[in-house]
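Listing of start-v4.tsv; format and content: TSV, N, CA and C atoms.
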chain	number	residue	atom	x	y	z
A	29	MET	N	-13.53	28.41	12.68
A	29	MET	CA	-12.28	27.74	13.03
A	29	MET	C	-12.01	26.61	12.04
A	30	PRO	N	-10.85	26.59	11.38
A	30	PRO	CA	-10.55	25.54	10.41
A	30	PRO	C	-10.41	24.18	11.07
A	31	LEU	N	-10.75	23.18	10.31
A	31	LEU	CA	-10.66	21.81	10.79
A	31	LEU	C	-9.20	21.36	10.87
A	32	VAL	N	-8.80	20.82	12.01
A	32	VAL	CA	-7.45	20.27	12.16
A	32	VAL	C	-7.49	18.82	11.68
A	33	VAL	N	-6.64	18.52	10.74
A	33	VAL	CA	-6.56	17.19	10.15
A	33	VAL	C	-5.38	16.46	10.78
A	34	ARG	N	-5.60	15.21	11.18
A	34	ARG	CA	-4.52	14.39	11.74
A	34	ARG	C	-3.86	13.64	10.59
A	35	VAL	N	-2.60	14.02	10.31
A	35	VAL	CA	-1.87	13.45	9.18
A	35	VAL	C	-0.80	12.50	9.70
A	36	LEU	N	-0.90	11.25	9.28
A	36	LEU	CA	0.08	10.22	9.63
A	36	LEU	C	1.14	10.19	8.53
A	37	ILE	N	2.39	10.36	8.90
A	37	ILE	CA	3.47	10.41	7.93
A	37	ILE	C	4.28	9.12	8.04
A	38	TYR	N	4.03	8.19	7.11
A	38	TYR	CA	4.74	6.91	7.11
A	38	TYR	C	6.03	7.10	6.32
A	39	GLU	N	7.10	7.32	7.06
A	39	GLU	CA	8.37	7.69	6.46
A	39	GLU	C	9.51	7.20	7.32
A	40	ARG	N	10.51	6.58	6.71
A	40	ARG	CA	11.69	6.11	7.45
A	40	ARG	C	12.88	7.04	7.27
A	41	ASN	N	12.86	7.88	6.26
A	41	ASN	CA	13.94	8.82	6.01
A	41	ASN	C	13.80	10.00	6.95
A	42	LEU	N	14.80	10.22	7.80
A	42	LEU	CA	14.71	11.27	8.81
A	42	LEU	C	14.57	12.67	8.22
A	43	LEU	N	15.25	12.95	7.12
A	43	LEU	CA	15.14	14.27	6.50
A	43	LEU	C	13.75	14.50	5.92
A	44	TRP	N	13.25	13.51	5.17
A	44	TRP	CA	11.91	13.62	4.59
A	44	TRP	C	10.85	13.71	5.68
A	45	SER	N	10.99	12.89	6.71
A	45	SER	CA	9.96	12.89	7.76
A	45	SER	C	9.89	14.24	8.44
A	46	GLU	N	11.02	14.86	8.69
A	46	GLU	CA	11.04	16.17	9.34
A	46	GLU	C	10.50	17.26	8.40
A	47	ARG	N	10.86	17.17	7.14
A	47	ARG	CA	10.36	18.14	6.16
A	47	ARG	C	8.83	18.05	6.06
A	48	LEU	N	8.32	16.84	5.96
A	48	LEU	CA	6.88	16.66	5.86
A	48	LEU	C	6.17	17.07	7.14
A	49	ARG	N	6.76	16.73	8.28
A	49	ARG	CA	6.15	17.10	9.56
A	49	ARG	C	6.03	18.62	9.67
A	50	LYS	N	7.08	19.32	9.32
A	50	LYS	CA	7.06	20.78	9.38
A	50	LYS	C	6.05	21.37	8.39
A	51	SER	N	5.97	20.81	7.20
A	51	SER	CA	5.03	21.30	6.19
A	51	SER	C	3.59	21.11	6.65
A	52	VAL	N	3.30	19.95	7.21
A	52	VAL	CA	1.94	19.68	7.70
A	52	VAL	C	1.62	20.57	8.90
A	53	ALA	N	2.56	20.72	9.81
A	53	ALA	CA	2.34	21.57	10.99
A	53	ALA	C	2.15	23.03	10.59
A	54	ALA	N	2.85	23.48	9.54
A	54	ALA	CA	2.70	24.87	9.08
A	54	ALA	C	1.30	25.14	8.55
A	55	LEU	N	0.61	24.09	8.17
A	55	LEU	CA	-0.79	24.22	7.71
A	55	LEU	C	-1.78	24.10	8.87
A	56	ASP	N	-1.24	24.09	10.10
A	56	ASP	CA	-2.04	23.98	11.33
A	56	ASP	C	-2.77	22.64	11.45
A	57	HIS	N	-2.14	21.59	10.91
A	57	HIS	CA	-2.66	20.24	11.07
A	57	HIS	C	-1.77	19.49	12.05
A	58	GLU	N	-2.29	18.41	12.59
A	58	GLU	CA	-1.51	17.57	13.49
A	58	GLU	C	-0.69	16.60	12.64
A	59	ALA	N	0.62	16.58	12.84
A	59	ALA	CA	1.52	15.71	12.07
A	59	ALA	C	2.13	14.67	12.98
A	60	ILE	N	1.98	13.40	12.60
A	60	ILE	CA	2.52	12.31	13.40
A	60	ILE	C	3.40	11.45	12.49
A	61	VAL	N	4.69	11.39	12.80
A	61	VAL	CA	5.61	10.57	12.01
A	61	VAL	C	5.56	9.14	12.53
A	62	VAL	N	5.33	8.21	11.60
A	62	VAL	CA	5.25	6.79	11.93
A	62	VAL	C	6.35	6.08	11.15
A	63	GLY	N	7.26	5.43	11.85
A	63	GLY	CA	8.38	4.78	11.17
A	63	GLY	C	8.19	3.30	10.94
A	64	LYS	N	7.08	2.76	11.42
A	64	LYS	CA	6.82	1.32	11.27
A	64	LYS	C	5.51	1.11	10.52
A	65	ALA	N	5.37	-0.04	9.92
A	65	ALA	CA	4.16	-0.37	9.18
A	65	ALA	C	3.04	-0.80	10.12
A	66	GLU	N	2.65	0.10	10.99
A	66	GLU	CA	1.58	-0.17	11.95
A	66	GLU	C	0.43	0.80	11.71
A	67	PRO	N	-0.76	0.28	11.44
A	67	PRO	CA	-1.89	1.18	11.21
A	67	PRO	C	-2.24	1.98	12.46
A	68	GLN	N	-2.53	3.24	12.26
A	68	GLN	CA	-2.95	4.11	13.35
A	68	GLN	C	-4.18	4.89	12.90
A	69	SER	N	-4.90	5.39	13.86
A	69	SER	CA	-6.07	6.18	13.57
A	69	SER	C	-5.64	7.59	13.17
A	70	GLY	N	-6.23	8.11	12.12
A	70	GLY	CA	-5.94	9.45	11.65
A	70	GLY	C	-6.89	9.81	10.54
A	71	ASP	N	-6.65	10.94	9.92
A	71	ASP	CA	-7.51	11.39	8.81
A	71	ASP	C	-6.88	11.09	7.46
A	72	ILE	N	-5.58	11.38	7.34
A	72	ILE	CA	-4.86	11.18	6.09
A	72	ILE	C	-3.52	10.53	6.42
A	73	ALA	N	-3.10	9.60	5.58
A	73	ALA	CA	-1.77	8.99	5.71
A	73	ALA	C	-0.96	9.32	4.47
A	74	LEU	N	0.25	9.81	4.69
A	74	LEU	CA	1.21	10.02	3.61
A	74	LEU	C	2.19	8.85	3.67
A	75	LEU	N	2.20	8.03	2.64
A	75	LEU	CA	3.00	6.81	2.63
A	75	LEU	C	4.14	6.92	1.64
A	76	ASN	N	5.37	6.80	2.10
A	76	ASN	CA	6.51	6.72	1.19
A	76	ASN	C	6.48	5.31	0.59
A	77	LEU	N	6.17	5.22	-0.68
A	77	LEU	CA	6.02	3.91	-1.31
A	77	LEU	C	7.33	3.15	-1.44
A	78	ALA	N	8.45	3.83	-1.30
A	78	ALA	CA	9.73	3.13	-1.31
A	78	ALA	C	9.89	2.30	-0.04
A	79	ASP	N	9.20	2.69	1.02
A	79	ASP	CA	9.28	1.99	2.31
A	79	ASP	C	8.03	1.20	2.66
A	80	PHE	N	6.87	1.66	2.21
A	80	PHE	CA	5.60	1.07	2.65
A	80	PHE	C	4.70	0.79	1.47
A	81	THR	N	4.77	-0.42	0.92
A	81	THR	CA	3.86	-0.81	-0.16
A	81	THR	C	3.01	-2.01	0.24
A	82	ASP	N	3.02	-2.33	1.51
A	82	ASP	CA	2.30	-3.48	2.03
A	82	ASP	C	0.78	-3.25	1.93
A	83	GLU	N	0.13	-4.08	1.12
A	83	GLU	CA	-1.32	-3.97	0.96
A	83	GLU	C	-2.06	-4.05	2.28
A	84	SER	N	-1.59	-4.88	3.20
A	84	SER	CA	-2.31	-5.04	4.46
A	84	SER	C	-2.30	-3.74	5.27
A	85	LEU	N	-1.20	-2.99	5.23
A	85	LEU	CA	-1.15	-1.70	5.92
A	85	LEU	C	-2.14	-0.73	5.29
A	86	ILE	N	-2.13	-0.66	3.97
A	86	ILE	CA	-3.02	0.26	3.26
A	86	ILE	C	-4.48	-0.09	3.53
A	87	HIS	N	-4.81	-1.38	3.46
A	87	HIS	CA	-6.20	-1.79	3.72
A	87	HIS	C	-6.60	-1.54	5.17
A	88	ALA	N	-5.67	-1.75	6.10
A	88	ALA	CA	-5.97	-1.50	7.51
A	88	ALA	C	-6.22	-0.01	7.74
A	89	LEU	N	-5.41	0.84	7.13
A	89	LEU	CA	-5.61	2.28	7.27
A	89	LEU	C	-6.96	2.69	6.69
A	90	LYS	N	-7.26	2.19	5.51
A	90	LYS	CA	-8.55	2.52	4.88
A	90	LYS	C	-9.71	1.99	5.70
A	91	GLY	N	-9.52	0.83	6.35
A	91	GLY	CA	-10.55	0.29	7.23
A	91	GLY	C	-10.82	1.17	8.43
A	92	LEU	N	-9.80	1.97	8.80
A	92	LEU	CA	-9.94	2.92	9.91
A	92	LEU	C	-10.49	4.27	9.43
A	93	GLY	N	-10.80	4.35	8.13
A	93	GLY	CA	-11.33	5.59	7.58
A	93	GLY	C	-10.28	6.61	7.19
A	94	VAL	N	-9.04	6.17	7.03
A	94	VAL	CA	-7.93	7.05	6.69
A	94	VAL	C	-7.81	7.15	5.17
A	95	ARG	N	-7.69	8.37	4.65
A	95	ARG	CA	-7.42	8.56	3.22
A	95	ARG	C	-5.92	8.37	3.03
A	96	VAL	N	-5.53	7.50	2.11
A	96	VAL	CA	-4.12	7.13	1.92
A	96	VAL	C	-3.57	7.77	0.65
A	97	ILE	N	-2.52	8.57	0.84
A	97	ILE	CA	-1.82	9.20	-0.28
A	97	ILE	C	-0.41	8.63	-0.32
A	98	GLY	N	-0.11	7.86	-1.34
A	98	GLY	CA	1.22	7.32	-1.52
A	98	GLY	C	2.08	8.33	-2.26
A	99	HIS	N	3.40	8.25	-2.08
A	99	HIS	CA	4.28	9.12	-2.86
A	99	HIS	C	5.56	8.39	-3.24
A	100	ALA	N	6.08	8.79	-4.40
A	100	ALA	CA	7.30	8.20	-4.94
A	100	ALA	C	7.94	9.22	-5.87
A	101	GLY	N	9.16	8.93	-6.28
A	101	GLY	CA	9.85	9.81	-7.22
A	101	GLY	C	9.14	9.83	-8.56
A	102	HIS	N	9.30	10.92	-9.30
A	102	HIS	CA	8.58	11.05	-10.57
A	102	HIS	C	8.99	10.01	-11.61
A	103	LYS	N	10.17	9.43	-11.45
A	103	LYS	CA	10.61	8.39	-12.38
A	103	LYS	C	10.24	6.99	-11.91
A	104	GLU	N	9.71	6.88	-10.72
A	104	GLU	CA	9.36	5.58	-10.15
A	104	GLU	C	7.92	5.19	-10.51
A	105	LYS	N	7.68	5.07	-11.81
A	105	LYS	CA	6.33	4.76	-12.31
A	105	LYS	C	5.82	3.42	-11.79
A	106	ALA	N	6.68	2.42	-11.76
A	106	ALA	CA	6.25	1.10	-11.28
A	106	ALA	C	5.84	1.15	-9.82
A	107	LEU	N	6.59	1.89	-9.03
A	107	LEU	CA	6.28	2.03	-7.60
A	107	LEU	C	4.95	2.76	-7.41
A	108	SER	N	4.73	3.78	-8.20
A	108	SER	CA	3.46	4.51	-8.14
A	108	SER	C	2.29	3.60	-8.52
A	109	ALA	N	2.49	2.81	-9.56
A	109	ALA	CA	1.44	1.87	-9.98
A	109	ALA	C	1.17	0.82	-8.89
A	110	GLU	N	2.24	0.37	-8.23
A	110	GLU	CA	2.07	-0.58	-7.12
A	110	GLU	C	1.22	0.03	-6.00
A	111	GLY	N	1.48	1.30	-5.70
A	111	GLY	CA	0.72	1.98	-4.65
A	111	GLY	C	-0.75	2.05	-4.98
A	112	LEU	N	-1.07	2.39	-6.22
A	112	LEU	CA	-2.48	2.44	-6.63
A	112	LEU	C	-3.11	1.05	-6.61
A	113	ALA	N	-2.37	0.05	-7.10
A	113	ALA	CA	-2.88	-1.31	-7.10
A	113	ALA	C	-3.08	-1.84	-5.69
A	114	ALA	N	-2.26	-1.37	-4.75
A	114	ALA	CA	-2.38	-1.82	-3.36
A	114	ALA	C	-3.53	-1.14	-2.63
A	115	GLY	N	-4.09	-0.08	-3.24
A	115	GLY	CA	-5.27	0.54	-2.64
A	115	GLY	C	-5.12	1.99	-2.22
A	116	CYS	N	-3.98	2.63	-2.52
A	116	CYS	CA	-3.85	4.06	-2.19
A	116	CYS	C	-4.97	4.84	-2.89
A	117	ASP	N	-5.50	5.82	-2.21
A	117	ASP	CA	-6.53	6.66	-2.82
A	117	ASP	C	-5.96	7.51	-3.95
A	118	MET	N	-4.70	7.90	-3.79
A	118	MET	CA	-4.01	8.62	-4.84
A	118	MET	C	-2.52	8.46	-4.62
A	119	VAL	N	-1.75	8.75	-5.67
A	119	VAL	CA	-0.29	8.72	-5.58
A	119	VAL	C	0.21	10.06	-6.11
A	120	ALA	N	1.14	10.65	-5.38
A	120	ALA	CA	1.74	11.92	-5.77
A	120	ALA	C	3.24	11.71	-5.96
A	121	THR	N	3.84	12.60	-6.71
A	121	THR	CA	5.30	12.57	-6.82
A	121	THR	C	5.88	13.25	-5.59
A	122	ASN	N	7.13	13.00	-5.32
A	122	ASN	CA	7.79	13.67	-4.19
A	122	ASN	C	7.77	15.18	-4.39
A	123	SER	N	7.91	15.63	-5.62
A	123	SER	CA	7.88	17.05	-5.92
A	123	SER	C	6.51	17.65	-5.58
A	124	GLN	N	5.44	16.96	-5.95
A	124	GLN	CA	4.10	17.43	-5.60
A	124	GLN	C	3.93	17.51	-4.09
A	125	LEU	N	4.46	16.52	-3.41
A	125	LEU	CA	4.36	16.50	-1.96
A	125	LEU	C	5.11	17.68	-1.35
A	126	THR	N	6.23	18.06	-1.96
A	126	THR	CA	7.01	19.17	-1.46
A	126	THR	C	6.34	20.52	-1.74
A	127	TRP	N	5.89	20.71	-2.97
A	127	TRP	CA	5.42	22.02	-3.39
A	127	TRP	C	3.91	22.20	-3.35
A	128	LYS	N	3.13	21.11	-3.31
A	128	LYS	CA	1.68	21.22	-3.36
A	128	LYS	C	0.99	20.45	-2.25
A	129	ILE	N	1.65	20.33	-1.11
A	129	ILE	CA	1.09	19.53	-0.02
A	129	ILE	C	-0.25	20.08	0.45
A	130	GLU	N	-0.39	21.39	0.45
A	130	GLU	CA	-1.66	21.99	0.88
A	130	GLU	C	-2.81	21.53	-0.02
A	131	GLU	N	-2.57	21.48	-1.32
A	131	GLU	CA	-3.58	21.02	-2.27
A	131	GLU	C	-3.88	19.54	-2.07
A	132	LEU	N	-2.84	18.74	-1.82
A	132	LEU	CA	-3.04	17.31	-1.63
A	132	LEU	C	-3.86	17.02	-0.38
A	133	LEU	N	-3.67	17.80	0.66
A	133	LEU	CA	-4.40	17.60	1.91
A	133	LEU	C	-5.77	18.27	1.91
A	134	ALA	N	-6.02	19.13	0.94
A	134	ALA	CA	-7.24	19.94	0.92
A	134	ALA	C	-8.53	19.12	0.86
A	135	ASP	N	-8.48	17.95	0.26
A	135	ASP	CA	-9.69	17.14	0.16
A	135	ASP	C	-10.09	16.54	1.49
A	136	GLY	N	-9.17	16.57	2.44
A	136	GLY	CA	-9.48	16.10	3.78
A	136	GLY	C	-9.56	14.60	3.89
A	137	PRO	N	-10.11	14.12	5.00
A	137	PRO	CA	-10.19	12.70	5.28
A	137	PRO	C	-11.07	11.94	4.29
A	138	ALA	N	-10.92	10.64	4.28
A	138	ALA	CA	-11.68	9.78	3.37
A	138	ALA	C	-13.18	9.95	3.55
A	139	SER	N	-13.62	10.17	4.77
A	139	SER	CA	-15.05	10.26	5.04
A	139	SER	C	-15.70	11.46	4.36
A	140	ARG	N	-14.88	12.45	3.95
A	140	ARG	CA	-15.43	13.62	3.30
A	140	ARG	C	-15.36	13.56	1.78
A	141	ASN	N	-14.75	12.52	1.23
A	141	ASN	CA	-14.62	12.41	-0.22
A	141	ASN	C	-15.86	11.85	-0.84

Before anything else, please render the file you have as structure tokens.
Amino acid sequence: MPLVVRVLIYERNLLWSERLRKSVAALDHEAIVVGKAEPQSGDIALLNLADFTDESLIHALKGLGVRVIGHAGHKEKALSAEGLAAGCDMVATNSQLTWKIEELLADGPASRN
């Protein structure tokens, strides 16, 4: 039986949040959309860096053992760099998140890295 991963989707855009929720659910993982900068327990957090670049949120998530994947547009290099500097485990482009989400989630929770 495959491991079900609890994915926290930190997203304020209703279209993106629904798209990501459906993509995560299609992989048979638990998808939880979070619209506020409140740390929650989970395995992986997908953070829209346009909305959530707060270091304290990222550190709190990592303190809970959550692997943090930030995402931004491919032209938003500064935003991606901010996400890495704030402590994201990795940063993906929105395109990667759309087309390669299975690969991005494949490494699983932080505790398995």

Close residues, range 113-124 of chain A itself excluded, 7 Å, all atoms listed in the file, min 2 positions apart in chain, as a ChimeraX atom specification: /A:81-83,86-87,95-102,108-111,126-129

Residues within 12 Å of Ala73 in chain A, only C-alpha atoms, excluding chain neighbours under 4 positions, as a ChimeraX atom specification: /A:33-39,48-49,52,58-62,65-69,77,80,85-90,92-99,116-119,132-133,136-138

Quick one: write out the picked residues with N, CA and C atoms as a tab-separated table (two decimals), in the frame of the given file?
chain	number	residue	atom	x	y	z
A	33	VAL	N	-6.64	18.52	10.74
A	33	VAL	CA	-6.56	17.19	10.15
A	33	VAL	C	-5.38	16.46	10.78
A	34	ARG	N	-5.60	15.21	11.18
A	34	ARG	CA	-4.52	14.39	11.74
A	34	ARG	C	-3.86	13.64	10.59
A	35	VAL	N	-2.60	14.02	10.31
A	35	VAL	CA	-1.87	13.45	9.18
A	35	VAL	C	-0.80	12.50	9.70
A	36	LEU	N	-0.90	11.25	9.28
A	36	LEU	CA	0.08	10.22	9.63
A	36	LEU	C	1.14	10.19	8.53
A	37	ILE	N	2.39	10.36	8.90
A	37	ILE	CA	3.47	10.41	7.93
A	37	ILE	C	4.28	9.12	8.04
A	38	TYR	N	4.03	8.19	7.11
A	38	TYR	CA	4.74	6.91	7.11
A	38	TYR	C	6.03	7.10	6.32
A	39	GLU	N	7.10	7.32	7.06
A	39	GLU	CA	8.37	7.69	6.46
A	39	GLU	C	9.51	7.20	7.32
A	48	LEU	N	8.32	16.84	5.96
A	48	LEU	CA	6.88	16.66	5.86
A	48	LEU	C	6.17	17.07	7.14
A	49	ARG	N	6.76	16.73	8.28
A	49	ARG	CA	6.15	17.10	9.56
A	49	ARG	C	6.03	18.62	9.67
A	52	VAL	N	3.30	19.95	7.21
A	52	VAL	CA	1.94	19.68	7.70
A	52	VAL	C	1.62	20.57	8.90
A	58	GLU	N	-2.29	18.41	12.59
A	58	GLU	CA	-1.51	17.57	13.49
A	58	GLU	C	-0.69	16.60	12.64
A	59	ALA	N	0.62	16.58	12.84
A	59	ALA	CA	1.52	15.71	12.07
A	59	ALA	C	2.13	14.67	12.98
A	60	ILE	N	1.98	13.40	12.60
A	60	ILE	CA	2.52	12.31	13.40
A	60	ILE	C	3.40	11.45	12.49
A	61	VAL	N	4.69	11.39	12.80
A	61	VAL	CA	5.61	10.57	12.01
A	61	VAL	C	5.56	9.14	12.53
A	62	VAL	N	5.33	8.21	11.60
A	62	VAL	CA	5.25	6.79	11.93
A	62	VAL	C	6.35	6.08	11.15
A	65	ALA	N	5.37	-0.04	9.92
A	65	ALA	CA	4.16	-0.37	9.18
A	65	ALA	C	3.04	-0.80	10.12
A	66	GLU	N	2.65	0.10	10.99
A	66	GLU	CA	1.58	-0.17	11.95
A	66	GLU	C	0.43	0.80	11.71
A	67	PRO	N	-0.76	0.28	11.44
A	67	PRO	CA	-1.89	1.18	11.21
A	67	PRO	C	-2.24	1.98	12.46
A	68	GLN	N	-2.53	3.24	12.26
A	68	GLN	CA	-2.95	4.11	13.35
A	68	GLN	C	-4.18	4.89	12.90
A	69	SER	N	-4.90	5.39	13.86
A	69	SER	CA	-6.07	6.18	13.57
A	69	SER	C	-5.64	7.59	13.17
A	77	LEU	N	6.17	5.22	-0.68
A	77	LEU	CA	6.02	3.91	-1.31
A	77	LEU	C	7.33	3.15	-1.44
A	80	PHE	N	6.87	1.66	2.21
A	80	PHE	CA	5.60	1.07	2.65
A	80	PHE	C	4.70	0.79	1.47
A	85	LEU	N	-1.20	-2.99	5.23
A	85	LEU	CA	-1.15	-1.70	5.92
A	85	LEU	C	-2.14	-0.73	5.29
A	86	ILE	N	-2.13	-0.66	3.97
A	86	ILE	CA	-3.02	0.26	3.26
A	86	ILE	C	-4.48	-0.09	3.53
A	87	HIS	N	-4.81	-1.38	3.46
A	87	HIS	CA	-6.20	-1.79	3.72
A	87	HIS	C	-6.60	-1.54	5.17
A	88	ALA	N	-5.67	-1.75	6.10
A	88	ALA	CA	-5.97	-1.50	7.51
A	88	ALA	C	-6.22	-0.01	7.74
A	89	LEU	N	-5.41	0.84	7.13
A	89	LEU	CA	-5.61	2.28	7.27
A	89	LEU	C	-6.96	2.69	6.69
A	90	LYS	N	-7.26	2.19	5.51
A	90	LYS	CA	-8.55	2.52	4.88
A	90	LYS	C	-9.71	1.99	5.70
A	92	LEU	N	-9.80	1.97	8.80
A	92	LEU	CA	-9.94	2.92	9.91
A	92	LEU	C	-10.49	4.27	9.43
A	93	GLY	N	-10.80	4.35	8.13
A	93	GLY	CA	-11.33	5.59	7.58
A	93	GLY	C	-10.28	6.61	7.19
A	94	VAL	N	-9.04	6.17	7.03
A	94	VAL	CA	-7.93	7.05	6.69
A	94	VAL	C	-7.81	7.15	5.17
A	95	ARG	N	-7.69	8.37	4.65
A	95	ARG	CA	-7.42	8.56	3.22
A	95	ARG	C	-5.92	8.37	3.03
A	96	VAL	N	-5.53	7.50	2.11
A	96	VAL	CA	-4.12	7.13	1.92
A	96	VAL	C	-3.57	7.77	0.65
A	97	ILE	N	-2.52	8.57	0.84
A	97	ILE	CA	-1.82	9.20	-0.28
A	97	ILE	C	-0.41	8.63	-0.32
A	98	GLY	N	-0.11	7.86	-1.34
A	98	GLY	CA	1.22	7.32	-1.52
A	98	GLY	C	2.08	8.33	-2.26
A	99	HIS	N	3.40	8.25	-2.08
A	99	HIS	CA	4.28	9.12	-2.86
A	99	HIS	C	5.56	8.39	-3.24
A	116	CYS	N	-3.98	2.63	-2.52
A	116	CYS	CA	-3.85	4.06	-2.19
A	116	CYS	C	-4.97	4.84	-2.89
A	117	ASP	N	-5.50	5.82	-2.21
A	117	ASP	CA	-6.53	6.66	-2.82
A	117	ASP	C	-5.96	7.51	-3.95
A	118	MET	N	-4.70	7.90	-3.79
A	118	MET	CA	-4.01	8.62	-4.84
A	118	MET	C	-2.52	8.46	-4.62
A	119	VAL	N	-1.75	8.75	-5.67
A	119	VAL	CA	-0.29	8.72	-5.58
A	119	VAL	C	0.21	10.06	-6.11
A	132	LEU	N	-2.84	18.74	-1.82
A	132	LEU	CA	-3.04	17.31	-1.63
A	132	LEU	C	-3.86	17.02	-0.38
A	133	LEU	N	-3.67	17.80	0.66
A	133	LEU	CA	-4.40	17.60	1.91
A	133	LEU	C	-5.77	18.27	1.91
A	136	GLY	N	-9.17	16.57	2.44
A	136	GLY	CA	-9.48	16.10	3.78
A	136	GLY	C	-9.56	14.60	3.89
A	137	PRO	N	-10.11	14.12	5.00
A	137	PRO	CA	-10.19	12.70	5.28
A	137	PRO	C	-11.07	11.94	4.29
A	138	ALA	N	-10.92	10.64	4.28
A	138	ALA	CA	-11.68	9.78	3.37
A	138	ALA	C	-13.18	9.95	3.55

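Picture a line from atom C of Ala78 in chain A to atom C of Leu107 in chain A; it runs 8.9 Å.
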
Contacts of Val32 in chain A within 8 Å, only N, CA and C atoms, excl. fewer than 5 positions in-chain, as a ChimeraX atom specification: /A:55-58,71

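All residues within range 52-126 of chain A that the backbone DSSP calculation assigns to strand (DSSP E) are A:Glu58, A:Ala59, A:Ile60, A:Val61, A:Val62, A:Ile72, A:Ala73, A:Leu74, A:Leu75, A:Asn76, A:Arg95, A:Val96, A:Ile97, A:Gly98, A:His99, A:Ala100, A:Met118, A:Val119, A:Ala120, A:Thr121.
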
Restricting the output to N, CA and C atoms, write the selected residues as an mmCIF file, in the coordinates of the input.
data_model
loop_
_atom_site.group_PDB
_atom_site.id
_atom_site.type_symbol
_atom_site.label_atom_id
_atom_site.label_comp_id
_atom_site.auth_asym_id
_atom_site.auth_seq_id
_atom_site.Cartn_x
_atom_site.Cartn_y
_atom_site.Cartn_z
ATOM 1 N N GLU A 58 -2.290 18.410 12.590
ATOM 2 C CA GLU A 58 -1.510 17.570 13.490
ATOM 3 C C GLU A 58 -0.690 16.600 12.640
ATOM 4 N N ALA A 59 0.620 16.580 12.840
ATOM 5 C CA ALA A 59 1.520 15.710 12.070
ATOM 6 C C ALA A 59 2.130 14.670 12.980
ATOM 7 N N ILE A 60 1.980 13.400 12.600
ATOM 8 C CA ILE A 60 2.520 12.310 13.400
ATOM 9 C C ILE A 60 3.400 11.450 12.490
ATOM 10 N N VAL A 61 4.690 11.390 12.800
ATOM 11 C CA VAL A 61 5.610 10.570 12.010
ATOM 12 C C VAL A 61 5.560 9.140 12.530
ATOM 13 N N VAL A 62 5.330 8.210 11.600
ATOM 14 C CA VAL A 62 5.250 6.790 11.930
ATOM 15 C C VAL A 62 6.350 6.080 11.150
ATOM 16 N N ILE A 72 -5.580 11.380 7.340
ATOM 17 C CA ILE A 72 -4.860 11.180 6.090
ATOM 18 C C ILE A 72 -3.520 10.530 6.420
ATOM 19 N N ALA A 73 -3.100 9.600 5.580
ATOM 20 C CA ALA A 73 -1.770 8.990 5.710
ATOM 21 C C ALA A 73 -0.960 9.320 4.470
ATOM 22 N N LEU A 74 0.250 9.810 4.690
ATOM 23 C CA LEU A 74 1.210 10.020 3.610
ATOM 24 C C LEU A 74 2.190 8.850 3.670
ATOM 25 N N LEU A 75 2.200 8.030 2.640
ATOM 26 C CA LEU A 75 3.000 6.810 2.630
ATOM 27 C C LEU A 75 4.140 6.920 1.640
ATOM 28 N N ASN A 76 5.370 6.800 2.100
ATOM 29 C CA ASN A 76 6.510 6.720 1.190
ATOM 30 C C ASN A 76 6.480 5.310 0.590
ATOM 31 N N ARG A 95 -7.690 8.370 4.650
ATOM 32 C CA ARG A 95 -7.420 8.560 3.220
ATOM 33 C C ARG A 95 -5.920 8.370 3.030
ATOM 34 N N VAL A 96 -5.530 7.500 2.110
ATOM 35 C CA VAL A 96 -4.120 7.130 1.920
ATOM 36 C C VAL A 96 -3.570 7.770 0.650
ATOM 37 N N ILE A 97 -2.520 8.570 0.840
ATOM 38 C CA ILE A 97 -1.820 9.200 -0.280
ATOM 39 C C ILE A 97 -0.410 8.630 -0.320
ATOM 40 N N GLY A 98 -0.110 7.860 -1.340
ATOM 41 C CA GLY A 98 1.220 7.320 -1.520
ATOM 42 C C GLY A 98 2.080 8.330 -2.260
ATOM 43 N N HIS A 99 3.400 8.250 -2.080
ATOM 44 C CA HIS A 99 4.280 9.120 -2.860
ATOM 45 C C HIS A 99 5.560 8.390 -3.240
ATOM 46 N N ALA A 100 6.080 8.790 -4.400
ATOM 47 C CA ALA A 100 7.300 8.200 -4.940
ATOM 48 C C ALA A 100 7.940 9.220 -5.870
ATOM 49 N N MET A 118 -4.700 7.900 -3.790
ATOM 50 C CA MET A 118 -4.010 8.620 -4.840
ATOM 51 C C MET A 118 -2.520 8.460 -4.620
ATOM 52 N N VAL A 119 -1.750 8.750 -5.670
ATOM 53 C CA VAL A 119 -0.290 8.720 -5.580
ATOM 54 C C VAL A 119 0.210 10.060 -6.110
ATOM 55 N N ALA A 120 1.140 10.650 -5.380
ATOM 56 C CA ALA A 120 1.740 11.920 -5.770
ATOM 57 C C ALA A 120 3.240 11.710 -5.960
ATOM 58 N N THR A 121 3.840 12.600 -6.710
ATOM 59 C CA THR A 121 5.300 12.570 -6.820
ATOM 60 C C THR A 121 5.880 13.250 -5.590
#

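CA of Arg47 in chain A to CA of Leu125 in chain A spans 10.2 Å [interatomic distance, one decimal].
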
CA of Lys64 in chain A to CA of Arg40 in chain A, distance in Å rounded to a single decimal: 7.8 Å

Backbone-only DSSP, alpha helix (DSSP H) members of chain A, as JSON, numbers by chain: {"A": [42, 43, 44, 45, 46, 47, 48, 49, 50, 51, 52, 53, 54, 83, 84, 85, 86, 87, 88, 89, 90, 91, 105, 106, 107, 108, 109, 110, 111, 112, 113, 114, 122, 123, 124, 125, 126, 127, 129, 130, 131, 132, 133]}

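Non-sequential neighbours of Asn41 in chain A (distance at most 8 Å, separation of 4 or more positions within a chain, only N, CA and C atoms) are Ser45, Glu46, Arg47, Gly63 and Asp79 of chain A.
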
Let me have the centre and edge lengths in Å, one decimal, of the box along x, y and z around every listed atom of range 127-132 of chain A with 8 Å of margin on each side, as lines of an AutoDock Vina configuration file.
center_x = 1.0
center_y = 19.6
center_z = -1.3
size_x = 25.8
size_y = 21.2
size_z = 20.3
